[in-house]
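Visitor: File query-v6.txt below, compact mmCIF, C-alpha atoms:
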```
# COMPACT_ATOMS: atom_id res chain seq x y z
CA MET S 123 -78.34 -105.59 -38.08
CA GLU S 124 -78.06 -108.94 -39.89
CA SER S 125 -78.92 -111.89 -37.74
CA THR S 126 -78.60 -115.56 -38.54
CA LYS S 127 -81.45 -116.59 -36.32
CA VAL S 128 -84.20 -114.90 -34.30
CA LEU S 129 -85.23 -116.24 -30.90
CA ASP S 130 -88.60 -115.22 -29.54
CA ALA S 131 -88.38 -115.30 -25.74
CA LYS S 132 -91.21 -112.83 -25.19
CA GLY S 133 -93.41 -113.55 -22.19
CA LEU S 134 -90.86 -115.94 -20.70
CA ALA S 135 -89.66 -115.41 -17.15
CA CYS S 136 -86.17 -115.92 -15.84
CA PRO S 137 -84.34 -118.33 -16.30
CA MET S 138 -86.03 -119.32 -19.58
CA PRO S 139 -84.74 -116.50 -21.85
CA ILE S 140 -81.17 -117.52 -21.08
CA VAL S 141 -81.88 -121.25 -21.22
CA LYS S 142 -83.34 -120.79 -24.70
CA THR S 143 -80.58 -118.42 -25.78
CA LYS S 144 -77.93 -120.91 -24.78
CA LYS S 145 -79.68 -123.68 -26.71
CA ALA S 146 -80.11 -121.54 -29.83
CA MET S 147 -76.50 -120.41 -29.60
CA ASN S 148 -75.30 -124.01 -29.63
CA GLU S 149 -76.76 -124.38 -33.12
CA LEU S 150 -74.83 -121.41 -34.52
CA GLU S 151 -71.30 -121.16 -35.86
CA ALA S 152 -68.75 -118.78 -34.41
CA GLY S 153 -69.22 -115.29 -35.83
CA GLN S 154 -72.95 -115.76 -36.51
CA VAL S 155 -75.43 -113.48 -34.77
CA LEU S 156 -78.43 -114.49 -32.71
CA GLU S 157 -81.23 -111.95 -32.31
CA ILE S 158 -83.25 -112.31 -29.11
CA HIS S 159 -86.57 -110.72 -28.26
CA ALA S 160 -87.51 -110.77 -24.56
CA THR S 161 -89.87 -109.00 -22.20
CA ASP S 162 -88.31 -109.98 -18.86
CA LYS S 163 -86.47 -106.85 -17.69
CA GLY S 164 -83.89 -108.93 -15.84
CA ALA S 165 -82.77 -110.34 -19.20
CA LYS S 166 -80.77 -107.22 -19.94
CA ASN S 167 -78.15 -107.59 -17.20
CA ASP S 168 -78.19 -111.35 -17.30
CA LEU S 169 -77.73 -111.72 -21.06
CA GLN S 170 -74.90 -109.24 -20.94
CA ALA S 171 -73.16 -111.12 -18.14
CA TRP S 172 -73.89 -114.50 -19.71
CA ALA S 173 -72.49 -113.44 -23.09
CA LYS S 174 -69.35 -112.13 -21.45
CA SER S 175 -68.72 -115.26 -19.41
CA GLY S 176 -69.33 -117.47 -22.44
CA GLY S 177 -66.96 -115.50 -24.67
CA HIS S 178 -69.75 -114.11 -26.86
CA GLU S 179 -70.24 -110.50 -27.79
CA LEU S 180 -73.38 -108.47 -27.16
CA VAL S 181 -73.15 -106.32 -30.26
CA LYS S 182 -76.38 -104.39 -29.99
CA HIS S 183 -79.28 -103.79 -27.65
CA GLU S 184 -82.53 -101.95 -28.32
CA ASP S 185 -85.77 -101.35 -26.43
CA GLU S 186 -88.90 -101.35 -28.55
CA GLY S 187 -91.75 -100.53 -26.22
CA ASP S 188 -91.92 -103.44 -23.80
CA VAL S 189 -89.76 -105.67 -25.97
CA LEU S 190 -86.04 -105.86 -25.31
CA LYS S 191 -83.98 -106.83 -28.35
CA PHE S 192 -80.46 -108.18 -28.24
CA TRP S 193 -77.96 -109.18 -30.90
CA ILE S 194 -75.28 -111.56 -29.69
CA LYS S 195 -72.37 -112.69 -31.84
CA LYS S 196 -71.16 -116.18 -31.11
CA GLY S 197 -67.56 -116.31 -29.88
CA MET P 278 -84.48 -134.91 -1.65
CA THR P 279 -87.13 -132.28 -1.38
CA VAL P 280 -87.08 -128.68 -2.42
CA LYS P 281 -88.82 -126.42 0.05
CA ALA P 282 -90.01 -122.86 -0.33
CA MET P 283 -88.90 -120.49 2.41
CA ASN P 284 -90.77 -117.22 2.68
CA SER P 285 -89.46 -113.79 3.66
CA LYS P 286 -91.05 -114.00 7.10
CA GLU P 287 -89.13 -117.19 7.88
CA VAL P 288 -85.87 -115.68 6.63
CA THR P 289 -86.54 -112.56 8.74
CA ALA P 290 -86.94 -114.75 11.83
CA LYS P 291 -83.52 -116.27 11.09
CA VAL P 292 -82.00 -112.79 10.79
CA PHE P 293 -83.59 -111.62 14.05
CA ASN P 294 -82.54 -114.78 15.90
CA LYS P 295 -79.02 -114.63 14.45
CA GLU P 296 -79.32 -118.16 13.14
CA THR P 297 -76.82 -119.64 10.73
CA MET P 298 -77.73 -120.22 7.11
CA PHE P 299 -75.92 -120.69 3.83
CA ILE P 300 -77.14 -118.44 1.04
CA LEU P 301 -76.49 -119.53 -2.50
CA ASP P 302 -77.24 -116.37 -4.46
CA VAL P 303 -77.63 -117.12 -8.16
CA ARG P 304 -78.13 -113.54 -9.38
CA ASN P 305 -75.39 -111.99 -11.44
CA GLU P 306 -72.32 -110.71 -9.66
CA THR P 307 -73.06 -106.98 -9.83
CA ASP P 308 -76.55 -107.43 -8.38
CA PHE P 309 -75.17 -109.57 -5.56
CA GLN P 310 -72.44 -107.07 -4.72
CA ASP P 311 -74.88 -104.19 -4.76
CA TRP P 312 -77.42 -105.78 -2.44
CA LYS P 313 -78.04 -109.09 -0.71
CA ILE P 314 -79.82 -110.71 2.23
CA GLU P 315 -77.89 -109.66 5.31
CA GLY P 316 -77.64 -111.85 8.39
CA GLU P 317 -75.03 -111.81 11.11
CA ASN P 318 -74.41 -115.54 10.85
CA PHE P 319 -75.19 -116.09 7.19
CA GLN P 320 -72.57 -117.41 4.81
CA TYR P 321 -72.66 -116.66 1.11
CA PHE P 322 -71.71 -118.05 -2.23
CA ASN P 323 -72.57 -116.19 -5.39
CA ILE P 324 -72.65 -117.79 -8.82
CA PRO P 325 -75.05 -116.68 -11.54
CA TYR P 326 -77.70 -119.24 -12.50
CA PHE P 327 -76.62 -119.05 -16.12
CA GLU P 328 -73.27 -120.58 -15.17
CA LEU P 329 -75.16 -123.59 -13.83
CA LEU P 330 -77.32 -124.47 -16.82
CA ASP P 331 -75.24 -127.56 -17.55
CA GLY P 332 -75.30 -128.78 -13.96
CA VAL P 333 -74.27 -128.02 -10.42
CA GLU P 334 -71.51 -130.66 -10.02
CA GLU P 335 -68.83 -128.01 -10.06
CA ILE P 336 -70.18 -126.17 -7.06
CA MET P 337 -71.16 -129.12 -4.88
CA ASP P 338 -68.04 -128.82 -2.73
CA LYS P 339 -68.85 -125.16 -2.07
CA ILE P 340 -72.17 -126.01 -0.47
CA PRO P 341 -72.00 -127.25 3.11
CA ALA P 342 -74.05 -130.35 3.89
CA ASP P 343 -74.47 -129.48 7.57
CA MET P 344 -76.21 -126.09 7.17
CA ASP P 345 -79.60 -124.86 6.02
CA VAL P 346 -79.15 -123.82 2.41
CA LEU P 347 -81.28 -121.13 0.79
CA VAL P 348 -81.08 -120.50 -2.95
CA VAL P 349 -81.87 -116.90 -3.86
CA CYS P 350 -82.46 -115.12 -7.14
CA ALA P 351 -84.18 -111.97 -8.33
CA LYS P 352 -87.72 -113.26 -8.78
CA GLU P 353 -87.73 -116.97 -7.83
CA GLY P 354 -87.62 -118.80 -11.18
CA SER P 355 -83.89 -119.39 -11.36
CA SER P 356 -83.57 -120.30 -7.70
CA VAL P 357 -86.19 -123.03 -8.14
CA MET P 358 -84.24 -124.39 -11.08
CA VAL P 359 -80.95 -124.45 -9.16
CA ALA P 360 -82.60 -125.81 -6.00
CA GLU P 361 -84.05 -128.69 -8.02
CA MET P 362 -80.65 -129.46 -9.49
CA LEU P 363 -79.12 -129.54 -6.01
CA SER P 364 -81.95 -131.74 -4.85
CA GLU P 365 -81.16 -134.21 -7.63
CA GLU P 366 -77.62 -134.30 -6.31
CA GLY P 367 -79.05 -135.39 -2.96
CA ARG P 368 -79.13 -132.08 -1.12
CA ASP P 369 -81.97 -130.79 1.02
CA VAL P 370 -82.32 -127.15 0.07
CA ALA P 371 -84.86 -124.33 0.01
CA TYR P 372 -85.47 -121.47 -2.38
CA LEU P 373 -86.63 -117.97 -1.44
CA GLU P 374 -90.29 -117.54 -2.29
CA GLY P 375 -90.69 -114.53 -4.60
CA GLY P 376 -86.95 -113.90 -4.68
CA MET P 377 -85.31 -110.60 -3.82
CA LYS P 378 -88.34 -108.81 -5.21
CA THR P 379 -90.48 -110.13 -2.38
CA TRP P 380 -87.64 -109.83 0.14
CA SER P 381 -87.45 -106.11 -0.64
CA GLU P 382 -91.15 -105.73 0.14
CA HIS P 383 -91.35 -107.69 3.37
CA LEU P 384 -92.34 -105.72 6.46
CA GLU P 385 -92.02 -107.19 9.94
CA PRO P 386 -93.99 -105.38 12.68
CA VAL P 387 -92.21 -105.22 16.03
CA LYS P 388 -93.67 -103.58 19.11
CA VAL P 389 -91.23 -100.97 20.40
CA GLY P 390 -93.09 -99.62 23.38
CA ASP P 391 -96.17 -98.98 25.46
CA LEU P 392 -97.62 -95.51 25.60
CA LYS P 393 -99.53 -93.82 28.38
CA ASP P 394 -103.14 -94.91 28.81
CA GLY P 395 -102.67 -98.21 27.03
CA GLY P 396 -101.43 -97.04 23.65
CA GLU P 397 -98.76 -98.91 21.73
CA LEU P 398 -96.03 -98.05 19.28
CA TYR P 399 -95.05 -100.45 16.50
CA GLN P 400 -92.06 -100.34 14.21
CA PHE P 401 -92.39 -101.93 10.78
CA VAL P 402 -88.99 -103.25 9.82
CA ARG P 403 -88.45 -103.46 6.07
CA ILE P 404 -85.67 -105.92 6.56
CA GLY P 405 -84.54 -106.23 2.94
CA LYS P 406 -84.15 -102.53 2.32
CA GLY P 407 -83.55 -101.06 5.76
CA CYS P 408 -86.59 -98.77 5.85
CA LEU P 409 -88.46 -98.28 9.13
CA SER P 410 -92.01 -97.03 9.45
CA TYR P 411 -94.23 -96.66 12.48
CA MET P 412 -97.76 -97.04 13.75
CA VAL P 413 -99.03 -95.31 16.87
CA VAL P 414 -102.12 -97.03 18.25
CA SER P 415 -104.33 -95.56 20.94
CA ASN P 416 -107.96 -95.94 21.92
CA GLY P 417 -109.31 -97.12 18.61
CA GLU P 418 -107.24 -94.76 16.50
CA ALA P 419 -103.92 -95.02 14.72
CA ALA P 420 -101.32 -92.83 13.06
CA ILE P 421 -98.73 -94.01 10.54
CA ILE P 422 -95.35 -92.41 10.01
CA ASP P 423 -93.13 -92.87 6.94
CA SER P 424 -95.29 -95.55 5.39
CA THR P 425 -93.89 -97.70 2.57
CA ARG P 426 -95.87 -98.36 -0.61
CA MET P 427 -96.97 -101.78 0.78
CA THR P 428 -100.07 -100.10 2.14
CA ASP P 429 -102.13 -103.27 2.63
CA ILE P 430 -99.81 -104.37 5.42
CA TYR P 431 -100.66 -101.29 7.51
CA LEU P 432 -104.34 -101.40 6.60
CA ASP P 433 -104.61 -105.07 7.59
CA PHE P 434 -102.64 -104.50 10.77
CA ALA P 435 -104.95 -101.65 11.79
CA LYS P 436 -107.98 -103.77 10.95
CA ASN P 437 -106.73 -106.63 13.11
CA MET P 438 -106.11 -104.21 15.96
CA ASN P 439 -109.59 -102.81 15.40
CA VAL P 440 -108.36 -99.23 15.03
CA ASN P 441 -109.06 -96.48 12.50
CA ILE P 442 -106.15 -94.74 10.83
CA THR P 443 -106.77 -91.04 11.36
CA HIS P 444 -103.39 -89.43 10.61
CA VAL P 445 -100.57 -90.24 8.21
CA PHE P 446 -97.22 -88.45 8.32
CA ASP P 447 -94.07 -88.36 6.25
CA THR P 448 -91.07 -86.91 8.07
CA HIS P 449 -89.74 -85.69 4.71
CA LEU P 450 -90.02 -86.18 0.97
CA HIS P 451 -88.39 -89.58 0.56
CA ALA P 452 -85.80 -90.28 -2.13
CA ASP P 453 -85.11 -93.96 -1.48
CA HIS P 454 -88.59 -95.43 -1.36
CA ILE P 455 -92.07 -94.65 -2.57
CA SER P 456 -94.33 -93.40 0.18
CA GLY P 457 -97.67 -95.09 0.77
CA GLY P 458 -98.88 -92.10 2.78
CA ARG P 459 -101.12 -90.58 0.16
CA VAL P 460 -102.73 -93.91 -0.78
CA ILE P 461 -103.47 -94.76 2.86
CA ALA P 462 -104.93 -91.30 3.47
CA GLU P 463 -107.16 -91.64 0.40
CA GLN P 464 -108.38 -95.08 1.42
CA THR P 465 -109.05 -94.29 5.06
CA GLY P 466 -109.99 -90.62 5.01
CA ALA P 467 -107.01 -89.88 7.27
CA THR P 468 -105.22 -86.57 7.18
CA TYR P 469 -101.93 -86.67 5.24
CA TRP P 470 -99.26 -84.42 6.70
CA LEU P 471 -96.13 -83.35 4.82
CA PRO P 472 -93.51 -80.72 5.64
CA PRO P 473 -94.44 -77.80 3.33
CA LYS P 474 -90.82 -76.96 2.53
CA ASP P 475 -90.40 -80.43 1.02
CA ALA P 476 -93.77 -80.27 -0.68
CA THR P 477 -93.42 -77.16 -2.86
CA GLU P 478 -93.76 -79.25 -6.02
CA VAL P 479 -96.39 -81.78 -4.94
CA VAL P 480 -99.51 -81.94 -7.06
CA PHE P 481 -101.99 -83.10 -4.39
CA GLU P 482 -103.63 -81.70 -1.28
CA TYR P 483 -101.90 -82.22 2.03
CA GLN P 484 -101.88 -80.83 5.53
CA PRO P 485 -98.77 -78.71 6.14
CA LEU P 486 -96.66 -80.19 8.91
CA GLU P 487 -94.60 -77.62 10.73
CA GLY P 488 -92.58 -77.41 13.90
CA GLY P 489 -94.86 -77.18 16.91
CA ASN P 490 -97.85 -79.05 15.49
CA ASP P 491 -99.46 -81.33 18.08
CA VAL P 492 -101.70 -84.17 17.02
CA LYS P 493 -103.67 -86.40 19.37
CA ILE P 494 -104.30 -90.04 18.59
CA GLY P 495 -107.27 -91.61 20.35
CA GLU P 496 -109.10 -89.79 23.08
CA THR P 497 -106.14 -89.90 25.38
CA ASN P 498 -103.01 -87.89 25.54
CA ILE P 499 -100.84 -89.68 23.06
CA ASN P 500 -99.17 -86.62 21.79
CA ILE P 501 -97.29 -86.41 18.53
CA HIS P 502 -95.23 -83.26 18.72
CA SER P 503 -93.43 -82.20 15.56
CA LEU P 504 -90.00 -80.65 15.61
CA TYR P 505 -88.54 -78.90 12.57
CA SER P 506 -85.15 -80.51 11.97
CA PRO P 507 -83.78 -79.68 8.51
CA GLY P 508 -80.65 -81.22 7.04
CA HIS P 509 -81.43 -84.39 5.09
CA THR P 510 -84.03 -82.34 3.27
CA ILE P 511 -84.96 -78.73 3.93
CA GLY P 512 -88.35 -79.74 5.35
CA SER P 513 -87.24 -82.73 7.44
CA THR P 514 -89.31 -82.93 10.60
CA SER P 515 -88.86 -85.13 13.65
CA PHE P 516 -91.55 -86.22 16.08
CA VAL P 517 -91.60 -86.62 19.81
CA ILE P 518 -94.27 -89.18 20.68
CA ASP P 519 -95.71 -89.41 24.15
CA GLU P 520 -92.74 -87.42 25.48
CA LYS P 521 -90.74 -90.61 25.24
CA PHE P 522 -89.87 -91.50 21.65
CA LEU P 523 -87.99 -89.37 19.13
CA LEU P 524 -88.79 -90.30 15.55
CA SER P 525 -85.74 -88.87 13.83
CA GLY P 526 -86.64 -89.55 10.19
CA ASP P 527 -83.53 -89.53 7.98
CA ILE P 528 -81.68 -87.03 10.18
CA LEU P 529 -80.18 -89.30 12.80
CA PHE P 530 -79.68 -93.05 12.63
CA ILE P 531 -78.23 -95.48 15.15
CA ASP P 532 -74.75 -95.75 13.71
CA SER P 533 -74.78 -92.98 11.11
CA ILE P 534 -76.36 -89.65 10.21
CA GLY P 535 -78.46 -88.43 7.30
CA ARG P 536 -76.89 -87.34 4.03
CA PRO P 537 -77.84 -83.91 2.77
CA ASP P 538 -77.34 -84.42 -0.96
CA LEU P 539 -80.33 -86.32 -2.28
CA ALA P 540 -82.15 -83.21 -3.43
CA GLY P 541 -78.93 -81.91 -4.95
CA LEU P 542 -78.22 -79.32 -2.27
CA ALA P 543 -75.55 -80.82 -0.03
CA GLU P 544 -73.60 -77.57 0.34
CA ASP P 545 -76.71 -75.57 1.18
CA TRP P 546 -78.04 -77.99 3.76
CA VAL P 547 -74.93 -79.08 5.59
CA GLY P 548 -75.31 -76.12 7.97
CA ASP P 549 -78.91 -77.06 8.72
CA LEU P 550 -77.91 -80.66 9.37
CA ARG P 551 -75.22 -79.54 11.78
CA GLU P 552 -77.60 -77.16 13.54
CA THR P 553 -80.21 -79.92 13.95
CA LEU P 554 -77.80 -82.56 15.23
CA TYR P 555 -75.57 -80.36 17.35
CA LYS P 556 -78.11 -77.85 18.69
CA ARG P 557 -81.78 -78.67 18.27
CA TYR P 558 -81.41 -82.32 19.27
CA ARG P 559 -79.21 -81.39 22.22
CA GLU P 560 -82.00 -79.29 23.66
CA LEU P 561 -84.18 -82.41 23.94
CA SER P 562 -84.26 -84.79 26.87
CA ASP P 563 -81.49 -87.30 26.32
CA GLU P 564 -83.73 -89.96 27.86
CA LEU P 565 -85.70 -90.01 24.59
CA VAL P 566 -85.61 -93.26 22.63
CA VAL P 567 -84.52 -92.58 19.06
CA LEU P 568 -86.50 -94.36 16.35
CA PRO P 569 -85.04 -93.60 12.91
CA ALA P 570 -86.52 -94.09 9.43
CA HIS P 571 -83.69 -96.43 8.40
CA PHE P 572 -81.04 -98.80 9.47
CA MET P 573 -77.94 -99.16 7.37
CA ILE P 574 -76.32 -102.35 8.62
CA ILE P 575 -77.78 -105.41 10.25
CA ASP P 576 -75.70 -104.84 13.41
CA GLU P 577 -78.05 -101.97 14.26
CA LEU P 578 -80.87 -104.41 15.01
CA ASN P 579 -81.67 -105.06 18.68
CA GLU P 580 -82.26 -108.56 20.05
CA ASP P 581 -85.95 -108.45 19.13
CA GLY P 582 -85.29 -107.15 15.62
CA SER P 583 -86.26 -103.57 16.41
CA VAL P 584 -84.03 -100.58 15.72
CA SER P 585 -83.85 -98.05 18.56
CA GLU P 586 -81.41 -96.49 20.99
CA LYS P 587 -81.44 -93.89 23.74
CA LEU P 588 -80.51 -90.40 22.59
CA SER P 589 -77.88 -90.17 25.36
CA THR P 590 -76.20 -93.33 24.01
CA LEU P 591 -76.12 -91.89 20.51
CA PHE P 592 -74.61 -88.64 21.78
CA ALA P 593 -71.85 -90.75 23.29
CA LYS P 594 -71.35 -93.32 20.54
CA ASN P 595 -72.55 -92.11 17.16
CA HIS P 596 -69.53 -90.81 15.28
CA GLY P 597 -71.61 -88.30 13.32
CA LEU P 598 -72.66 -86.60 16.56
CA ASN P 599 -69.11 -86.29 17.82
CA ILE P 600 -67.27 -84.25 15.23
CA GLU P 601 -66.13 -81.08 16.97
CA ASP P 602 -64.65 -79.48 13.90
CA GLU P 603 -67.20 -77.95 11.55
CA ASN P 604 -65.05 -78.34 8.47
CA GLU P 605 -64.48 -81.99 9.20
CA PHE P 606 -68.25 -82.42 9.60
CA ARG P 607 -68.80 -80.61 6.30
CA SER P 608 -66.43 -82.89 4.44
CA LEU P 609 -67.92 -86.04 6.01
CA VAL P 610 -71.40 -85.24 4.74
CA THR P 611 -70.52 -83.70 1.37
CA GLU P 612 -67.49 -85.66 0.15
CA ASN P 613 -67.01 -89.34 -0.66
CA LEU P 614 -70.71 -90.00 -0.27
CA PRO P 615 -72.02 -93.49 -0.95
CA PRO P 616 -73.75 -94.02 -4.33
CA GLN P 617 -77.18 -92.47 -4.50
CA PRO P 618 -80.19 -94.77 -4.12
CA ASN P 619 -81.47 -96.43 -7.27
CA ALA P 620 -83.77 -94.15 -9.33
CA TYR P 621 -83.88 -91.57 -6.53
CA GLN P 622 -84.96 -88.72 -8.80
CA GLU P 623 -87.91 -90.73 -10.15
CA ILE P 624 -88.78 -91.80 -6.60
CA ARG P 625 -88.89 -88.17 -5.48
CA GLU P 626 -91.10 -87.25 -8.45
CA THR P 627 -93.42 -90.16 -7.66
CA ASN P 628 -93.70 -88.99 -4.06
CA MET P 629 -94.58 -85.52 -5.36
CA GLY P 630 -97.33 -87.04 -7.50
CA LYS P 631 -95.67 -85.76 -10.68
CA ILE P 632 -95.28 -89.20 -12.22
CA THR P 633 -97.42 -92.29 -11.66
CA PRO P 634 -95.44 -95.44 -12.43
CA ASP P 635 -97.33 -98.75 -12.35
CA ALA P 636 -96.74 -101.31 -9.59
CA GLU P 637 -94.04 -103.18 -11.52
CA GLN P 638 -92.14 -99.99 -12.30
CA GLN P 639 -92.35 -98.89 -8.66
CA ARG P 640 -90.85 -102.19 -7.64
CA GLU P 641 -87.98 -101.81 -10.11
CA MET P 642 -87.31 -98.26 -8.94
CA GLU P 643 -86.87 -99.37 -5.36
CA ILE P 644 -84.47 -102.25 -6.01
CA GLY P 645 -81.39 -102.17 -3.83
CA PRO P 646 -80.40 -100.79 -0.43
CA ASN P 647 -81.62 -97.42 0.88
CA ARG P 648 -78.33 -95.50 1.12
CA CYS P 649 -79.68 -92.49 2.99
CA ALA P 650 -76.87 -92.31 5.53
CA VAL P 651 -73.25 -91.35 5.93
CA ARG P 652 -70.93 -92.75 8.54
```
Could you rewrite the structure in this file as structure tokens?
Guide:
Amino acid sequence: MESTKVLDAKGLACPMPIVKTKKAMNELEAGQVLEIHATDKGAKNDLQAWAKSGGHELVKHEDEGDVLKFWIKKG
Amino acid sequence: MTVKAMNSKEVTAKVFNKETMFILDVRNETDFQDWKIEGENFQYFNIPYFELLDGVEEIMDKIPADMDVLVVCAKEGSSVMVAEMLSEEGRDVAYLEGGMKTWSEHLEPVKVGDLKDGGELYQFVRIGKGCLSYMVVSNGEAAIIDSTRMTDIYLDFAKNMNVNITHVFDTHLHADHISGGRVIAEQTGATYWLPPKDATEVVFEYQPLEGGNDVKIGETNINIHSLYSPGHTIGSTSFVIDEKFLLSGDILFIDSIGRPDLAGLAEDWVGDLRETLYKRYRELSDELVVLPAHFMIIDELNEDGSVSEKLSTLFAKNHGLNIEDENEFRSLVTENLPPQPNAYQEIRETNMGKITPDAEQQREMEIGPNRCAVR
């Protein structure tokens, strides 16, 4: 999947993955996709809920070993 | 204003003492609805931390100034962040040390009775998850029943009491939590007893626990008498300790009864459950004090935080023991059951020794309430 920007949030504990995601998202235009790599397992539910409440779309999610990858399209 | 850490032991004391407290739970909505810190006089407000990244101004009017406020999240990090923001707004608040992860693992020992010849019986209340385990102490020896995976707590407790753990029992193969029985037995040289009918797939050595086994703890006559009582699982076994206490495992609780479906055989076991509750238990002295392996709701706690009730009282008051009609009983325990505990299949396989998840995975598997009962 094409992403405009990749955010490395590996090794960061909650709440940092979301704090960084929010910041990175602010720099994107609507329709652009942010790719996030995280290792905190809680990120999965939280990113999903955060994206929904912010009007963004979680378009894809993949687990690669210990790394959780997310693609969120800015709303 | 200062931000304080409050630990699980302090929160447990507030639950036991029915104190008031305001809980600001900053986990996401589904996690909060699934499972939270329960207290009779606690008030709650749930808003995910990620809604508060720009500030807490919007929720200030939701947070009472005249109550103790505890900010709670999954692992601590987010609750510290939110607590600091509230503090900057001039509020005195605390966060839960270790978050719900630590809350789920907290065990509070409560003495539930004296035994003949100076022995004692302790209940370990796993307040966050509703699991109850037990330690029988007598004359320098101890037995543990339905241990959780937080084995150090029992080992340290026994050490402080200056007793050796000689026997470890599980009333059945658990599906809601990972047993610490095998680990404790390995570390102490104690005998690990399991009901053989629940243990057909286990991959380790154990001592078969069957109806009629008697085990002595200490040199005196603290007698642990096992009683085959199938229904929750096919092997489920109860214990009568010192002719006074009935450890009912997941068969009979204070305000509910065991569910027969966690090994996938509800229809097959409903008859056994009925037979145990309506026949085998009725043949026992109704003066026995019932000590179950779970509580389901916080109302089941006694004044001192323990969970126990006389068998005669349960015969009179527990709905599950008072269903005359067999078909009605059958539908209660096989239909409209609550959701199954998180990861219950993996938990069963772990307890059989078939899979060996690491500590972090074990923690994840056990997240949430126990859900072993039907009402």
Visitor: With a cut-off of 9 Å and counting only C-alpha atoms, select all residues of chain P in contact with chain S and give the selection as a ChimeraX atom specification.
Guide: /P:304-308,325-328,330,351-356,358
Visitor: Which residues of stretch 127-165 of chain S come within 6 Å of stretch 177-193 of chain S, and what is each one's closest atom pair and distance in Å (one decimal), counting only C-alpha atoms, sorted by chain and residue number, as a tab-separated table?
Guide:
```
residue	atom	partner	partner_atom	distance
S:Leu156	CA	S:Trp193	CA	5.6
S:Glu157	CA	S:Trp193	CA	4.5
S:Ile158	CA	S:Phe192	CA	5.1
S:His159	CA	S:Lys191	CA	4.7
S:Ala160	CA	S:Leu190	CA	5.2
S:Thr161	CA	S:Val189	CA	5.0
```
Visitor: Residues of the last selection are to be written out with C-alpha atoms, as a CSV table (one decimal), keeping the file's coordinate frame.
Guide:
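The resulting out.csv:
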```csv
chain,number,residue,atom,x,y,z
S,156,LEU,CA,-78.4,-114.5,-32.7
S,157,GLU,CA,-81.2,-112.0,-32.3
S,158,ILE,CA,-83.2,-112.3,-29.1
S,159,HIS,CA,-86.6,-110.7,-28.3
S,160,ALA,CA,-87.5,-110.8,-24.6
S,161,THR,CA,-89.9,-109.0,-22.2
```
Visitor: At a cut-off of 10 Å, using only C-alpha atoms, what residues contact stretch 279-295 of chain P? Leave out same-chain residues fewer than 4 positions from it and give the result as number ranges by chain.
Guide: P: 314-319, 347-348, 353, 357, 360-365, 367-377, 379-385, 402-405, 575, 578-583
Visitor: Mind giving me the straight-line distance from atom CA of P:Ser503 to atom CA of P:Val387 in Å, one decimal?
Guide: 23.1 Å
Visitor: Mind working out the centre and edge lengths of an axis-aligned box for stretch 431-436 of chain P, all listed atoms inside, 4 Å added to each side, rounded to one decimal in Å and written as lines of an AutoDock Vina configuration file?
Guide:
```
center_x = -104.3
center_y = -103.2
center_z = 9.2
size_x = 15.3
size_y = 11.8
size_z = 13.2
```
Visitor: Quick one: residues within 10 Å of P:Ser525, only C-alpha atoms counted, chain neighbours fewer than 5 positions away excluded, as a compact mmCIF listing (two decimals) with C-alpha atoms, in the coordinates of the input?
Guide:
```txt
# COMPACT_ATOMS: atom_id res chain seq x y z
CA THR P 448 -91.07 -86.91 8.07
CA LEU P 504 -90.00 -80.65 15.61
CA SER P 506 -85.15 -80.51 11.97
CA SER P 513 -87.24 -82.73 7.44
CA THR P 514 -89.31 -82.93 10.60
CA SER P 515 -88.86 -85.13 13.65
CA PHE P 516 -91.55 -86.22 16.08
CA VAL P 517 -91.60 -86.62 19.81
CA PHE P 530 -79.68 -93.05 12.63
CA GLY P 535 -78.46 -88.43 7.30
CA TYR P 558 -81.41 -82.32 19.27
CA VAL P 566 -85.61 -93.26 22.63
CA VAL P 567 -84.52 -92.58 19.06
CA LEU P 568 -86.50 -94.36 16.35
CA PRO P 569 -85.04 -93.60 12.91
CA ALA P 570 -86.52 -94.09 9.43
CA HIS P 571 -83.69 -96.43 8.40
```
